[in-house]
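A short write-up of the structure that comes next.
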Amino acid sequence: MFNLFNKRNPEPPQDVKAIRELLLTGIKQELQKLEGGEGNHIKGLALFIACPPAEKYMYESAVFAEDEQRFKNEIQRIADDFAIDLPQNWTMQTNFIEELPGDAIKLTGINAALYIRTPEHVVVTRSKTAFIRPLNGESEKTSYKINATDGKINIGREHKVQVSDGFFRINHIAFPDASLNEANKFISRQHAHIEWDADTGSFLLFADDGGIPPRNKVKIRSVNDHNPVKLNVTELGHVLEEGDQIILGELAVLEFSYIDTDKN
């Protein structure tokens, strides 16, 4: 077996073995911070890889894309060796994307990043009620009240649409197709959705199939950070904070708030 953790290769990986070594080394370094049983609160890992299209086949081989459980088993062996104590039902996802997420952990020596999902950042003071208001684009309502008990709150063009699998989707926050507002043209029928997450005590925004590249996009800009966060995969949600602006496509903008300004 090759030496996973002592070899350092500053050059870009040239073969499948070198790619796998760098990925596992990076994951090992992050998990080792939880050494001694501190990993039992981890819900899952998501690996993001941004590689040249011509080299994608090597990266797919490196993570055993045809057998996802095999790469997960490699990580489990690392966790066992360092007594990290991952829970039995932890999940592993590998995503090939054009640009690495800004909030993920960048791995050394390779254009890949890791996201560790945990419930440790619980915020019990957040309200379970929030408000969505369009700042640009014409939606069916001028304000939407959402609650933690609402389940999946779909966002998209038109209220009721038939999607690619033949089923109908109800968009609870809907932008009419007949509108003359230019922003509505860049919104997908299944663009995004919001869900309450009990682990973090917050509302999460997810991109749907029509809201990830190369289709229309989903971005979030916070009040304190003017660098927008782009949602590139459908599996991972972004925690919505007070005053966040959600950009759908090119022009439509929604504001997220816990404050009911209609009463002020």
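By order of appearance in the structure tokens: chains A, B, ..., then residues from 1 within every chain, and ligands from 1 in the order shown.
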Legend entry - Who sits within 10 Å of stretch 191-206 of chain A, only C-alpha atoms, same chain under 3 positions skipped, as an NGL selection string: :A and (118-130 or 146-157 or 171-173 or 186-188 or 209-212 or 215-220 or 231-241 or 246 or 248-249 or 256)
Inset, instruction - Could you pull out the residues in stretch 190-250 of chain A that DSSP calls strand (DSSP E) from the backbone, as an MDAnalysis selection string? - result: chainID A and resid 192:197 202:207 218:221 229:230 238:239 245:248
Legend entry - Filtered DSSP result for stretch 137-220 of chain A, state helix (DSSP H, G or I), as a PyMOL selection string: chain A and resi 148-150+182-186+209-211
Inset, instruction - Could you give me, as a ChimeraX atom specification, the residues within 6 Å of A:Ala46, counting only C-alpha atoms and dropping anything in the same chain fewer than 3 positions from it? - result: /A:92-94,114-115
Could you turn the residues from that selection into a file that holds C-alpha atoms, as a PDB file, in the first residue's frame?
```pdb
ATOM      1  CA  MET A  92     -20.478  10.784   1.687  1.00  0.00           C
ATOM      2  CA  GLN A  93     -21.091  12.828  -1.468  1.00  0.00           C
ATOM      3  CA  THR A  94     -18.701  13.649  -4.302  1.00  0.00           C
ATOM      4  CA  LEU A 114     -14.388  19.481   1.722  1.00  0.00           C
ATOM      5  CA  TYR A 115     -17.605  20.342   3.514  1.00  0.00           C
TER       6      TYR A 115
END
```
Inset, instruction - Determine the nearest neighbour of A:Glu74 from the options A:Ser143, A:Thr25, A:Gln162, A:Asn40, counting only C-alpha atoms. - result: A:Thr25
Legend entry - Å distance separating atom CA of A:Arg169 from atom CA of A:Ile132, one decimal place: 19.7 Å
Legend entry - Using only C-alpha atoms: which of A:Lys28, A:Lys106, A:Lys56, A:Arg133 has the shortest distance to A:Ala79: A:Lys28
